Structures are given as C-alpha cells and as structure tokens.
file structure_38.txt (compact mmCIF, C-alpha atoms)
# COMPACT_ATOMS: atom_id res chain seq x y z
CA MET A 1 -42.08 -33.00 73.05
CA VAL A 2 -42.93 -32.24 76.66
CA SER A 3 -39.96 -32.04 79.00
CA ARG A 4 -40.00 -33.84 82.32
CA PRO A 5 -40.85 -31.46 85.21
CA ALA A 6 -38.35 -31.04 88.01
CA PRO A 7 -39.04 -33.30 90.99
CA ALA A 8 -41.00 -31.72 93.84
CA PRO A 9 -38.80 -30.51 96.72
CA VAL A 10 -38.56 -32.83 99.71
CA ASP A 11 -38.60 -31.30 103.20
CA GLY A 12 -35.32 -31.54 105.05
CA TRP A 13 -33.39 -32.76 102.03
CA THR A 14 -30.38 -30.82 100.80
CA PRO A 15 -28.74 -31.82 97.56
CA ARG A 16 -25.13 -32.70 98.19
CA SER A 17 -22.32 -31.54 96.03
CA ALA A 18 -21.09 -34.03 93.50
CA GLN A 19 -17.87 -32.12 93.09
CA PRO A 20 -14.64 -34.06 93.50
CA ASP A 21 -12.29 -33.39 96.38
CA PRO A 22 -10.98 -29.82 95.75
CA SER A 23 -7.44 -31.02 96.36
CA GLY A 24 -7.89 -33.28 93.36
CA ALA A 25 -6.93 -36.35 95.39
CA ARG A 26 -8.75 -39.56 94.60
CA PRO A 27 -9.84 -41.59 97.61
CA PRO A 28 -7.60 -44.65 98.09
CA ASP A 29 -8.74 -47.90 96.49
CA ALA A 30 -9.39 -49.52 99.86
CA ARG A 31 -11.81 -46.74 100.78
CA ILE A 32 -13.66 -47.07 97.46
CA GLU A 33 -13.92 -50.82 98.08
CA ALA A 34 -15.22 -50.23 101.61
CA TRP A 35 -17.83 -47.74 100.40
CA LEU A 36 -19.01 -50.00 97.59
CA SER A 37 -19.19 -53.08 99.77
CA ALA A 38 -21.36 -51.32 102.37
CA ILE A 39 -24.24 -50.42 100.06
CA PRO A 40 -27.36 -52.39 101.05
CA ASP A 41 -29.48 -54.14 98.44
CA PRO A 42 -32.59 -51.97 98.00
CA GLU A 43 -34.96 -54.94 98.06
CA ILE A 44 -33.25 -57.21 100.62
CA PRO A 45 -31.43 -54.64 102.79
CA ALA A 46 -30.09 -57.38 105.09
CA ILE A 47 -27.38 -58.05 102.49
CA THR A 48 -25.13 -55.69 100.58
CA LEU A 49 -24.72 -55.36 96.83
CA ALA A 50 -21.23 -56.79 97.26
CA ASP A 51 -22.67 -59.82 99.10
CA LEU A 52 -25.05 -60.27 96.17
CA GLY A 53 -22.16 -60.28 93.70
CA VAL A 54 -23.67 -57.65 91.39
CA ILE A 55 -20.82 -55.12 91.56
CA ARG A 56 -18.48 -56.40 88.88
CA GLY A 57 -15.66 -53.87 89.06
CA TRP A 58 -14.71 -50.22 88.91
CA THR A 59 -12.15 -47.99 87.28
CA TRP A 60 -11.30 -44.31 87.15
CA VAL A 61 -12.03 -42.45 83.93
CA GLY A 62 -10.49 -39.07 84.60
CA ASP A 63 -12.02 -37.85 87.84
CA VAL A 64 -15.12 -40.01 87.44
CA LEU A 65 -15.42 -43.44 88.99
CA HIS A 66 -16.87 -45.88 86.50
CA VAL A 67 -18.65 -48.81 88.20
CA SER A 68 -19.85 -51.96 86.43
CA VAL A 69 -23.03 -53.49 87.82
CA THR A 70 -24.82 -56.59 86.58
CA PRO A 71 -28.55 -57.29 87.01
CA THR A 72 -29.63 -60.45 88.81
CA TYR A 73 -32.55 -61.27 86.49
CA SER A 74 -32.88 -59.39 83.20
CA GLY A 75 -36.30 -58.04 84.21
CA CYS A 76 -35.54 -57.36 87.87
CA PRO A 77 -37.27 -54.06 88.71
CA ALA A 78 -34.66 -53.39 91.41
CA THR A 79 -31.92 -53.00 88.78
CA ALA A 80 -32.46 -49.26 88.35
CA ALA A 81 -32.69 -48.78 92.13
CA ILE A 82 -29.41 -50.70 92.57
CA GLU A 83 -27.65 -48.52 90.01
CA LEU A 84 -29.02 -45.38 91.65
CA ALA A 85 -27.92 -46.61 95.08
CA VAL A 86 -24.35 -47.08 93.83
CA GLU A 87 -24.24 -43.69 92.15
CA THR A 88 -25.77 -41.94 95.17
CA ALA A 89 -23.49 -43.63 97.71
CA LEU A 90 -20.43 -42.45 95.82
CA ARG A 91 -21.69 -38.94 95.07
CA ASP A 92 -22.61 -38.51 98.74
CA ARG A 93 -18.90 -38.98 99.45
CA GLY A 94 -17.90 -36.47 96.83
CA VAL A 95 -16.99 -39.02 94.18
CA PRO A 96 -18.62 -38.38 90.81
CA ALA A 97 -19.64 -41.76 89.45
CA THR A 98 -21.21 -43.36 86.44
CA VAL A 99 -22.73 -46.82 86.47
CA GLU A 100 -22.60 -49.16 83.51
CA ARG A 101 -24.94 -52.13 83.25
CA VAL A 102 -23.12 -55.26 82.05
CA ILE A 103 -24.77 -58.63 81.37
CA THR A 104 -21.72 -60.70 80.44
CA PRO A 105 -20.89 -63.00 82.12
CA PRO A 106 -24.44 -63.54 83.39
CA TRP A 107 -24.98 -63.20 87.13
CA SER A 108 -24.95 -66.44 89.11
CA THR A 109 -26.07 -67.17 92.66
CA ASP A 110 -22.64 -68.79 93.04
CA TRP A 111 -21.36 -65.20 93.26
CA ILE A 112 -23.23 -64.58 96.51
CA THR A 113 -20.58 -64.48 99.24
CA PRO A 114 -20.53 -66.86 102.25
CA GLU A 115 -21.32 -63.79 104.40
CA GLY A 116 -24.28 -63.14 102.10
CA HIS A 117 -25.53 -66.70 102.66
CA ALA A 118 -25.29 -66.28 106.44
CA LYS A 119 -27.05 -62.90 106.37
CA LEU A 120 -29.85 -64.22 104.17
CA GLU A 121 -30.51 -67.15 106.50
CA ALA A 122 -30.45 -64.89 109.57
CA TYR A 123 -32.95 -62.63 107.80
CA GLY A 124 -35.31 -65.58 107.19
CA ILE A 125 -34.47 -66.36 103.56
CA ALA A 126 -33.01 -69.79 102.77
CA PRO A 127 -29.77 -69.18 100.81
CA PRO A 128 -29.24 -70.67 97.31
CA THR A 129 -27.63 -73.95 98.29
CA ASP A 130 -28.41 -77.36 96.79
CA GLY A 131 -29.97 -78.66 99.99
CA VAL A 132 -32.70 -76.49 101.52
CA ARG A 133 -33.32 -76.15 105.23
CA CYS A 134 -35.76 -74.02 107.18
CA PRO A 135 -34.11 -70.67 107.96
CA ARG A 136 -35.99 -70.55 111.30
CA CYS A 137 -35.72 -74.03 112.86
CA HIS A 138 -33.11 -75.46 110.44
CA ALA A 139 -35.17 -78.59 109.79
CA ALA A 140 -34.48 -80.35 106.49
CA ARG A 141 -38.12 -81.44 106.09
CA VAL A 142 -39.26 -78.65 103.78
CA HIS A 143 -41.19 -78.43 100.53
CA GLU A 144 -41.64 -76.01 97.66
CA VAL A 145 -45.01 -74.23 97.61
CA SER A 146 -44.39 -72.25 94.42
CA ARG A 147 -41.58 -72.06 91.90
CA PHE A 148 -41.72 -68.28 92.20
CA GLY A 149 -41.98 -65.77 95.01
CA SER A 150 -42.17 -62.11 95.93
CA THR A 151 -39.17 -61.18 93.77
CA PRO A 152 -37.69 -62.82 90.65
CA CYS A 153 -34.83 -64.29 92.68
CA LYS A 154 -36.95 -66.14 95.25
CA ALA A 155 -39.37 -69.08 95.52
CA GLN A 156 -41.94 -69.89 98.19
CA TRP A 157 -41.26 -72.81 100.50
CA ARG A 158 -42.74 -74.19 103.70
CA CYS A 159 -41.18 -76.01 106.64
CA ASP A 160 -42.89 -79.31 107.52
CA ALA A 161 -41.35 -79.27 111.01
CA CYS A 162 -42.29 -75.82 112.32
CA GLY A 163 -44.98 -75.10 109.72
CA GLU A 164 -43.58 -71.68 108.81
CA PRO A 165 -43.61 -70.50 105.20
CA PHE A 166 -40.33 -68.99 104.03
CA ASP A 167 -38.65 -67.48 100.99
CA ARG A 168 -35.85 -69.38 99.33
CA PHE A 169 -33.27 -67.71 97.13
CA LYS A 170 -33.48 -69.72 93.89
CA CYS A 171 -30.32 -71.38 92.61
CA HIS A 172 -29.50 -69.52 89.38
CA ARG A 173 -26.34 -70.80 87.75
CA MET B 1 -48.60 -40.04 68.49
CA GLY B 2 -47.75 -41.78 65.27
CA ALA B 3 -45.64 -44.80 64.53
CA ILE B 4 -41.91 -44.54 63.92
CA ALA B 5 -40.55 -45.25 60.45
CA LEU B 6 -38.21 -48.20 60.07
CA PRO B 7 -35.75 -48.76 57.20
CA ASP B 8 -37.36 -50.63 54.32
CA PRO B 9 -36.13 -53.23 53.71
CA LEU B 10 -34.78 -53.92 57.18
CA PRO B 11 -31.19 -55.14 57.41
CA ALA B 12 -31.12 -58.88 58.20
CA LYS B 13 -29.68 -58.45 61.68
CA ALA B 14 -32.30 -55.87 62.63
CA GLU B 15 -35.01 -58.22 61.39
CA PHE B 16 -33.52 -61.08 63.41
CA LEU B 17 -33.33 -58.97 66.59
CA LEU B 18 -36.92 -57.80 66.16
CA ARG B 19 -38.05 -61.41 65.79
CA MET B 20 -36.35 -62.31 69.08
CA GLY B 21 -37.54 -59.23 70.95
CA ASP B 22 -41.09 -59.21 69.62
CA ALA B 23 -41.60 -62.87 70.56
CA THR B 24 -40.66 -62.14 74.18
CA LEU B 25 -42.50 -58.82 74.24
CA VAL B 26 -45.81 -60.17 72.97
CA LEU B 27 -45.71 -63.33 75.09
CA GLY B 28 -44.59 -61.31 78.12
CA HIS B 29 -47.49 -58.91 77.66
CA ARG B 30 -49.99 -61.73 77.15
CA ILE B 31 -48.85 -63.48 80.32
CA SER B 32 -48.92 -60.21 82.26
CA GLU B 33 -52.65 -60.00 81.45
CA TRP B 34 -53.11 -62.76 84.05
CA CYS B 35 -51.82 -60.54 86.84
CA GLY B 36 -54.55 -60.43 89.47
CA HIS B 37 -56.67 -63.09 87.72
CA ALA B 38 -54.78 -66.39 88.06
CA PRO B 39 -56.54 -69.42 89.59
CA ALA B 40 -54.31 -69.36 92.70
CA LEU B 41 -52.12 -66.73 94.32
CA GLU B 42 -48.96 -68.78 93.70
CA GLU B 43 -49.82 -69.06 90.01
CA ASP B 44 -50.49 -65.33 89.85
CA VAL B 45 -47.04 -64.63 91.27
CA ALA B 46 -45.43 -67.21 88.98
CA LEU B 47 -47.05 -65.83 85.82
CA ALA B 48 -46.11 -62.27 86.76
CA ASN B 49 -42.51 -63.36 87.33
CA VAL B 50 -42.29 -65.16 83.98
CA ALA B 51 -43.75 -62.08 82.27
CA LEU B 52 -41.16 -59.94 84.02
CA ASP B 53 -38.30 -62.13 82.79
CA LEU B 54 -39.63 -61.97 79.24
CA ILE B 55 -40.04 -58.19 79.32
CA GLY B 56 -36.51 -57.86 80.73
CA GLN B 57 -35.19 -59.96 77.86
CA THR B 58 -37.21 -57.81 75.46
CA GLN B 59 -35.37 -54.71 76.67
CA LEU B 60 -32.07 -56.37 75.78
CA TRP B 61 -33.15 -57.59 72.32
CA LEU B 62 -35.04 -54.45 71.34
CA GLY B 63 -32.31 -52.25 72.81
CA TYR B 64 -29.91 -53.84 70.36
CA ALA B 65 -32.51 -53.74 67.58
CA ALA B 66 -32.97 -50.00 68.15
CA GLU B 67 -29.29 -49.44 67.40
CA GLU B 68 -29.58 -51.50 64.22
CA THR B 69 -32.74 -49.77 62.98
CA GLY B 70 -32.03 -46.19 64.00
CA ALA B 71 -34.97 -46.17 66.44
CA ALA B 72 -34.44 -44.07 69.58
CA ASP B 73 -34.53 -46.98 72.02
CA ALA B 74 -36.30 -50.21 72.97
CA ASP B 75 -39.38 -48.30 74.13
CA ALA B 76 -39.75 -46.62 70.76
CA LEU B 77 -39.81 -50.04 69.10
CA ALA B 78 -42.22 -51.52 71.63
CA PHE B 79 -44.69 -48.67 71.84
CA ARG B 80 -44.49 -46.88 68.52
CA ARG B 81 -44.71 -49.57 65.91
CA ASP B 82 -47.96 -50.64 64.32
CA VAL B 83 -49.14 -54.21 64.09
CA TRP B 84 -47.69 -54.97 60.64
CA ASP B 85 -44.19 -54.07 61.86
CA PHE B 86 -44.20 -56.74 64.58
CA ARG B 87 -42.19 -59.89 63.98
CA ASN B 88 -43.42 -62.34 66.62
CA PRO B 89 -44.66 -65.83 65.75
CA LEU B 90 -48.46 -66.09 65.73
CA LEU B 91 -48.37 -68.60 68.60
CA VAL B 92 -47.52 -65.97 71.20
CA GLU B 93 -50.16 -63.44 70.15
CA ARG B 94 -52.96 -65.98 70.66
CA PRO B 95 -55.28 -64.69 73.40
CA ASN B 96 -54.80 -66.30 76.78
CA GLY B 97 -58.01 -68.35 76.78
CA ASP B 98 -58.20 -70.47 79.91
CA PHE B 99 -55.30 -71.44 82.17
CA ALA B 100 -54.72 -74.65 80.16
CA HIS B 101 -54.38 -72.66 76.94
CA THR B 102 -51.98 -70.18 78.57
CA ILE B 103 -49.76 -72.90 80.04
CA LEU B 104 -49.65 -75.00 76.88
CA ARG B 105 -48.82 -71.94 74.76
CA SER B 106 -45.92 -71.18 77.11
CA PHE B 107 -44.73 -74.78 77.02
CA LEU B 108 -44.68 -74.96 73.20
CA PHE B 109 -42.78 -71.66 73.14
CA ASP B 110 -40.39 -72.43 76.03
CA ALA B 111 -39.40 -75.74 74.43
CA TRP B 112 -38.35 -73.73 71.35
CA HIS B 113 -36.96 -70.75 73.24
CA LEU B 114 -34.42 -72.66 75.35
CA PRO B 115 -32.60 -74.49 72.51
CA ARG B 116 -32.76 -71.27 70.48
CA LEU B 117 -30.96 -69.38 73.26
CA ASP B 118 -28.55 -72.23 74.01
CA ARG B 119 -27.38 -72.22 70.41
CA LEU B 120 -27.19 -68.42 70.32
CA THR B 121 -24.70 -68.46 73.20
CA GLY B 122 -22.20 -69.59 70.55
CA SER B 123 -23.12 -66.73 68.19
CA ALA B 124 -20.37 -64.96 66.25
CA ASP B 125 -22.04 -61.73 67.45
CA ASP B 126 -20.79 -61.27 71.03
CA ARG B 127 -23.72 -59.14 72.05
CA VAL B 128 -26.24 -61.70 70.81
CA ALA B 129 -24.28 -64.40 72.65
CA GLY B 130 -24.32 -62.34 75.86
CA ILE B 131 -28.05 -61.68 75.78
CA ALA B 132 -28.71 -65.34 75.03
CA ALA B 133 -26.54 -66.53 77.93
CA LYS B 134 -28.36 -64.20 80.31
CA ALA B 135 -31.82 -65.20 79.06
CA ALA B 136 -31.16 -68.95 78.78
CA LYS B 137 -30.80 -69.32 82.54
CA GLU B 138 -34.19 -67.72 83.10
CA VAL B 139 -35.89 -69.66 80.33
CA ALA B 140 -34.58 -73.01 81.63
CA TYR B 141 -36.63 -72.29 84.73
CA HIS B 142 -39.69 -71.32 82.66
CA LEU B 143 -39.50 -74.60 80.75
CA GLU B 144 -39.21 -76.71 83.90
CA ARG B 145 -42.35 -75.11 85.26
CA SER B 146 -44.47 -75.13 82.09
CA ARG B 147 -43.50 -78.74 81.36
CA GLY B 148 -44.41 -79.78 84.90
CA LEU B 149 -47.81 -78.10 84.68
CA VAL B 150 -48.58 -79.58 81.25
CA VAL B 151 -47.98 -83.09 82.61
CA ALA B 152 -49.84 -82.42 85.86
CA LEU B 153 -52.89 -80.92 84.15
CA GLY B 154 -52.94 -83.27 81.13
CA ASP B 155 -52.67 -86.32 83.36
CA GLY B 156 -54.91 -84.74 85.99
CA THR B 157 -58.67 -84.70 86.37
CA ALA B 158 -61.06 -85.42 83.50
CA GLU B 159 -61.75 -81.70 83.18
CA SER B 160 -58.13 -80.57 83.27
CA HIS B 161 -57.25 -83.24 80.70
CA ASP B 162 -60.05 -82.16 78.38
CA ARG B 163 -59.06 -78.51 78.68
CA MET B 164 -55.42 -79.33 77.93
CA GLN B 165 -56.37 -81.46 74.93
CA ALA B 166 -58.59 -78.67 73.62
CA ALA B 167 -55.71 -76.21 74.06
CA LEU B 168 -53.37 -78.54 72.18
CA ASP B 169 -55.86 -78.96 69.33
CA ARG B 170 -56.10 -75.20 69.10
CA LEU B 171 -52.42 -74.31 69.43
CA TRP B 172 -50.64 -77.13 67.58
CA PRO B 173 -51.26 -75.56 64.14
CA TYR B 174 -49.22 -72.54 65.28
CA ALA B 175 -46.13 -74.54 66.23
CA GLY B 176 -44.87 -75.01 62.67
CA GLU B 177 -44.03 -71.32 62.26
CA LEU B 178 -41.30 -71.64 64.89
CA PHE B 179 -39.26 -73.74 62.46
CA GLU B 180 -39.76 -71.75 59.28
CA THR B 181 -36.75 -70.27 57.55
CA ASP B 182 -36.31 -67.50 55.01
CA ALA B 183 -33.66 -65.21 53.50
CA THR B 184 -33.16 -63.41 56.84
CA ASP B 185 -32.44 -66.69 58.62
CA ALA B 186 -30.12 -67.79 55.85
CA ALA B 187 -28.20 -64.51 56.10
CA MET B 188 -27.88 -64.87 59.87
CA ALA B 189 -26.66 -68.44 59.52
CA GLU B 190 -24.19 -67.37 56.84
CA ALA B 191 -22.83 -64.67 59.18
CA GLY B 192 -22.55 -67.15 62.04
CA VAL B 193 -25.02 -65.13 64.14
CA ALA B 194 -27.80 -67.71 64.46
CA ASP B 195 -28.61 -71.19 63.22
CA GLU B 196 -31.57 -71.54 60.91
CA PRO B 197 -34.73 -72.43 62.85
CA PRO B 198 -35.24 -75.91 61.31
CA ALA B 199 -32.14 -76.98 63.28
CA LEU B 200 -34.12 -76.44 66.48
CA ARG B 201 -36.83 -78.96 65.67
CA PRO B 202 -35.11 -82.13 66.99
CA ALA B 203 -34.49 -80.51 70.39
CA TRP B 204 -38.04 -79.16 70.49
CA GLU B 205 -39.56 -82.52 69.64
CA ALA B 206 -37.33 -84.27 72.18
CA THR B 207 -38.85 -82.04 74.85
CA VAL B 208 -42.42 -81.72 73.65
CA LEU B 209 -43.36 -85.21 72.45
CA PRO B 210 -42.39 -87.14 75.63
CA ALA B 211 -44.06 -84.49 77.80
CA LEU B 212 -47.30 -84.72 75.81
CA ALA B 213 -47.18 -88.53 76.06
CA ALA B 214 -46.67 -88.29 79.83
CA ALA B 215 -49.57 -85.83 79.93
CA THR B 216 -51.79 -88.32 78.01
CA LEU B 217 -52.27 -85.70 75.29
CA ALA B 218 -52.20 -86.35 71.55
CA PRO B 219 -51.28 -83.71 68.95
CA PRO B 220 -53.95 -83.32 66.26
CA GLU B 221 -53.37 -84.03 62.58
CA VAL B 222 -52.49 -80.74 60.97
CA VAL B 223 -53.17 -80.15 57.31
CA ARG B 224 -51.61 -76.71 57.14
CA PHE B 225 -49.62 -74.77 59.74
CA GLN B 226 -50.48 -71.14 60.41
CA ALA B 227 -47.67 -68.66 59.74
CA GLY B 228 -47.05 -65.05 58.85
CA GLY B 229 -46.35 -63.33 62.18
CA ARG B 230 -42.59 -63.81 62.12
CA THR B 231 -42.30 -62.24 58.68
CA GLY B 232 -44.97 -59.60 59.34
CA ARG B 233 -46.89 -60.89 56.31
CA ARG B 234 -50.12 -61.54 58.18
CA HIS B 235 -50.79 -61.35 61.92
CA THR B 236 -53.97 -62.72 63.46
CA GLU B 237 -56.79 -60.34 64.32
CA HIS B 238 -55.74 -60.62 67.98
CA LEU B 239 -52.46 -58.69 67.93
CA GLY B 240 -53.91 -55.26 67.07
CA PRO B 241 -56.24 -55.05 70.10
CA MET B 242 -53.41 -56.27 72.34
CA LEU B 243 -51.10 -53.53 71.05
CA ALA B 244 -53.84 -50.92 71.47
CA GLN B 245 -54.01 -51.81 75.15
CA MET B 246 -50.22 -52.00 75.49
CA GLN B 247 -49.45 -48.77 73.62
CA TRP B 248 -52.28 -46.37 74.36
CA LEU B 249 -50.54 -44.55 77.20
CA GLN B 250 -47.29 -43.88 75.34
CA ARG B 251 -49.24 -42.86 72.25
CA SER B 252 -51.74 -40.60 74.04
CA TYR B 253 -49.15 -38.97 76.28
CA PRO B 254 -46.04 -38.88 74.08
CA ASP B 255 -43.63 -41.47 75.41
CA ALA B 256 -45.23 -41.04 78.83
CA SER B 257 -42.55 -38.45 79.59
CA ALA B 258 -44.90 -36.01 81.37
CA TRP B 259 -47.08 -36.92 84.32

call {"tool": "encode", "arguments": {"input": "structure_38.txt", "output": "structure tokens"}}
result
Amino acid sequence: MVSRPAPAPVDGWTPRSAQPDPSGARPPDARIEAWLSAIPDPEIPAITLADLGVIRGWTWVGDVLHVSVTPTYSGCPATAAIELAVETALRDRGVPATVERVITPPWSTDWITPEGHAKLEAYGIAPPTDGVRCPRCHAARVHEVSRFGSTPCKAQWRCDACGEPFDRFKCHR
Amino acid sequence: MGAIALPDPLPAKAEFLLRMGDATLVLGHRISEWCGHAPALEEDVALANVALDLIGQTQLWLGYAAEETGAADADALAFRRDVWDFRNPLLVERPNGDFAHTILRSFLFDAWHLPRLDRLTGSADDRVAGIAAKAAKEVAYHLERSRGLVVALGDGTAESHDRMQAALDRLWPYAGELFETDATDAAMAEAGVADEPPALRPAWEATVLPALAAATLAPPEVVRFQAGGRTGRRHTEHLGPMLAQMQWLQRSYPDASAW
C-alpha cells in the first residue's frame, strides 16, 4: 500500500495550532453559535451554512466540539468542502472539532432561513418558494429552461419580462 | 489489484444492501457516460445531476453494505468487485444506446425506485429508513423529469416516437426482473426491513402504463423476461466492459491513494 504524500507547502500559509485554550476554558455557547453561523457556503458564498440549514447541532465531547452537518443532496460534491469549512473555522479559533455527517431527518429547503432567502435573491438566485419571480426585475412572468442547473440544488429559469436567465433554488421538501 | 473476497454465502441484509447500491451505482455510471455528449446543454447538465444523485445514494447504500460484508468501505465494494459479484438488475447495465433508450431506461427504473424507497422509509432498520427518506426526495424529481420526457418524445415527432417505441421494445423484457423475489427478499420481509418486490408492481404499473398511453407507446408482448443480474446468476455481456472502464484507475493505482 502506498501512503499519501504530504501536501505541498503553500507560500505564506502557516498552520495554526489546533490546541484548546491553555486555560482549559471552553468558549461560551453564544460565541460558538456566532462562529458557526458566520461560515459561508463554499459554493454559494452569499449565504452561510446556518442560512442553508445544514448545521444540525453541536455538543462538547471532552474538549472536542462535535458538530452535526447534513448534506443537501446525497451526491452534492460540496459536502466534503462544507465539513472541512466547519472544522477549519473552529480550529482556526483554537477549538478542536470533529464533524459528523447525519442524513436523518433529510435536509429540506424549508430549513433555509428567511435571511437566507433574502440573501439568495439579492445574489441573483430565486429562493425556493412556491411562486417564482425574477431575482433581478421581480417579474412573475418566468419559465423553467431546465429542471437542473449548475449545482444539484438549482434549476435554470428565464425571465420573460427582462429576458435574463437565472438560477432558481429547487424546492426540496 | 485484485478483487476483494466477500463472505459466501452473503448474509441476507448484505445481499439486500448490495442490490440497492449496485442498482444506483451501475445506472449512475451509465448516465454519467452522457456527460459532454448529450443532445443539448440543459440535458447534459440534467443527466450529470441525476448521475450525481445516484452515485451519492450509492455511497450511502454501499457504505452500509461494507459494514455488513466486512469490506473496507463503499469504494472497496464499488471498485474492487468483479462482475459476478454485482447485484444490479440487468435493466440498468444496458448500454445507453440513443437518448430515447437512455430516458426510457431511467423512466422504467425511476417508476420502480420511488415506490421502493417510499416503502423503505417505514423499514424496521432505522438506517435503511434514513437512507430511503433521503433518496426518495431526489428520486421523486428524477421520475417527474423522466416521465415528462417519455411523454414528450413518445408523443413528439415521427422520429422521436419511433425511437421511443424501439427503446420500449428493447427494454420491456428487462422490466420483469424488478419484481422478482427470492429467499433474500423473503428474509428481509420477515425481518421487517423491506417488502418483497412483487408488492411494488401495482404502483409501478400505475405510473408506467398511463405514461406510455399518453406517449402513444405500446409495450411489446413478452414471452420471457430477462433476469439474473439481481442475483448475480448471469449478467449481460455489457456489465464487464463498463466495470473495466469504471474500475481501471483504482485497480491500476491501488485505491487511487497515490498521485
């Protein structure tokens, strides 16, 4: 068996310590919540992982923070990047963390927060509501171009009023 | 690198999980072969997305199967088994053929897959129920799309109709295997893990027959259904070459762990 070689060094990058606070104090819950809810989605950085509803909970196991994350779609290639983003964000703040992937209950677009909806629309992606409107001109005269789009969670639509194509976050319930 | 050895005989639950995971793996790989070749960009993206869902579901099924068979992980089962150890129905290993053939194959499978998963959400095995609940939401979307395309192409131009009818004539004999049952299925039903496949036929027919009628397509008379993939008794000659393409990298460069 051939072992995996160490990654090549990256200029200007210094590995940060993953050691816990030497005083042994755990950061307060509110700070953990604030850190977790600020992590951007790696594929749609306009929204956070908390907005997306994929962070399902966390708990301390000894000095290690154990975070539960759920994938959006079972084959979403961003899943590993999301888990790494969570682990990295916490380790960068000196909190050793492990991430567990949970699939039950299955993720639903109903878990996307109202702030998430607003951020998606401002970013040019129609949020997963029952009625679809153009995220640019807000016209309701729109049509689906393709059932699928650039990521598993989106479909391609076009606005009949302004003529612009746009992504729509698919309703997944 | 050689194939892994599996317990012989396989425990019933391992066999059941391989049947679920191999069906999604083989169909997912077949559909992924369209990537970069589909008749329109939107279709290319759609096919790639469906393949991605199926491969994601495969990781869940085969991940569980690995624990039940003693294999290292889902990758070991996907890349280091030989053709006779696969447990997918013959339908999904059929080569893609033209777009009509690909879409009809997906439709016949999706119409089975969705009720299969819906029923599994009530499984006595919580992990099976969880995987099924996750996958069912994705597959409902697959079925909506494949059904819509079957109707649009069947009831479309003279050429699209003829191609769809030819695909149906070719694929219909492979549908019967989806509803076969054996000792493994009986054991799973007995344990409350999964209903026996014949129970899925009414739901499948309720989806397929009206869609074919709307598509102006008629199923052929079938004297004998083709079977043998699900039990591993006899795959078609098409699965081996597909696996050679799918597995060569992991076999040539052990588990692709070194670059």

call {"tool": "interface_residues", "arguments": {"input": "structure_38.txt", "of": "chain A", "to": "chain B", "cutoff": "6 Å", "atoms": "all atoms listed in the file", "output": "PyMOL selection string"}}
result
chain A and resi 4+74-75+104+106+146+148+152

call {"tool": "closest_residue", "arguments": {"input": "structure_38.txt", "among": "B:Glu93, B:Asp75, B:Asp98, B:Glu67", "to": "Asp162 in chain B", "atoms": "only C-alpha atoms"}}
result
B:Asp98

call {"tool": "residues_around", "arguments": {"input": "structure_38.txt", "residues": "Leu17 in chain B", "least_positions_apart": "2", "cutoff": "6 Å", "atoms": "only C-alpha atoms", "output": "compact mmCIF listing (two decimals) with C-alpha atoms, in the frame of the given file"}}
result
# COMPACT_ATOMS: atom_id res chain seq x y z
CA ALA B 14 -32.30 -55.87 62.63
CA GLU B 15 -35.01 -58.22 61.39
CA ARG B 19 -38.05 -61.41 65.79
CA MET B 20 -36.35 -62.31 69.08
CA TRP B 61 -33.15 -57.59 72.32
CA ALA B 65 -32.51 -53.74 67.58

call {"tool": "residues_near_point", "arguments": {"input": "structure_38.txt", "point": "(-39.2, -63.8, 65.7)", "cutoff": "10 Å", "atoms": "only C-alpha atoms", "output": "ChimeraX atom specification"}}
result
/B:15-24,86-90,177-178,229-232

call {"tool": "closest_residue", "arguments": {"input": "structure_38.txt", "among": "A:Glu83, A:Glu144, A:Glu115, A:Asp130", "to": "Asp41 in chain A", "atoms": "all atoms listed in the file"}}
result
A:Glu83

call {"tool": "residues_around", "arguments": {"input": "structure_38.txt", "residues": "range 162-167 of chain A", "least_positions_apart": "5", "cutoff": "12 Å", "atoms": "only C-alpha atoms", "output": "compact mmCIF listing (two decimals) with C-alpha atoms, in the coordinates of the input"}}
result
# COMPACT_ATOMS: atom_id res chain seq x y z
CA ILE A 44 -33.25 -57.21 100.62
CA LEU A 120 -29.85 -64.22 104.17
CA GLU A 121 -30.51 -67.15 106.50
CA TYR A 123 -32.95 -62.63 107.80
CA GLY A 124 -35.31 -65.58 107.19
CA ILE A 125 -34.47 -66.36 103.56
CA ALA A 126 -33.01 -69.79 102.77
CA PRO A 127 -29.77 -69.18 100.81
CA PRO A 128 -29.24 -70.67 97.31
CA VAL A 132 -32.70 -76.49 101.52
CA ARG A 133 -33.32 -76.15 105.23
CA CYS A 134 -35.76 -74.02 107.18
CA PRO A 135 -34.11 -70.67 107.96
CA ARG A 136 -35.99 -70.55 111.30
CA CYS A 137 -35.72 -74.03 112.86
CA HIS A 138 -33.11 -75.46 110.44
CA ALA A 139 -35.17 -78.59 109.79
CA ALA A 140 -34.48 -80.35 106.49
CA ARG A 141 -38.12 -81.44 106.09
CA VAL A 142 -39.26 -78.65 103.78
CA HIS A 143 -41.19 -78.43 100.53
CA GLU A 144 -41.64 -76.01 97.66
CA VAL A 145 -45.01 -74.23 97.61
CA SER A 146 -44.39 -72.25 94.42
CA ARG A 147 -41.58 -72.06 91.90
CA PHE A 148 -41.72 -68.28 92.20
CA GLY A 149 -41.98 -65.77 95.01
CA SER A 150 -42.17 -62.11 95.93
CA THR A 151 -39.17 -61.18 93.77
CA PRO A 152 -37.69 -62.82 90.65
CA CYS A 153 -34.83 -64.29 92.68
CA LYS A 154 -36.95 -66.14 95.25
CA ALA A 155 -39.37 -69.08 95.52
CA GLN A 156 -41.94 -69.89 98.19
CA TRP A 157 -41.26 -72.81 100.50

call {"tool": "atom_distance", "arguments": {"input": "structure_38.txt", "atom1": "CA of Gly53 in chain A", "atom2": "CA of Leu65 in chain A"}}
result
18.7 Å

call {"tool": "residues_around", "arguments": {"input": "structure_38.txt", "residues": "Thr88 in chain A", "least_positions_apart": "4", "cutoff": "10 Å", "atoms": "only C-alpha atoms", "output": "PyMOL selection string"}}
result
chain A and resi 16+18+39+82-84+92-98

call {"tool": "closest_residue", "arguments": {"input": "structure_38.txt", "among": "B:Ala158, B:Ala12, B:Met164, B:Ala100", "to": "Ala191 in chain B", "atoms": "all atoms listed in the file"}}
result
B:Ala12

call {"tool": "residues_around", "arguments": {"input": "structure_38.txt", "residues": "Thr79 in chain A", "least_positions_apart": "4", "cutoff": "10 Å", "atoms": "all atoms listed in the file", "output": "list in words"}}
result
Pro42, Glu43, Val54, Val69, Thr70, Pro71, Thr72, Tyr73, Ser74, Gly75, Glu83, Leu84, Ala85 and Arg101 of chain A

call {"tool": "closest_residue", "arguments": {"input": "structure_38.txt", "among": "B:Ser252, B:Gly192, B:Met246, B:Cys35", "to": "Ala78 in chain B", "atoms": "all atoms listed in the file"}}
result
B:Met246
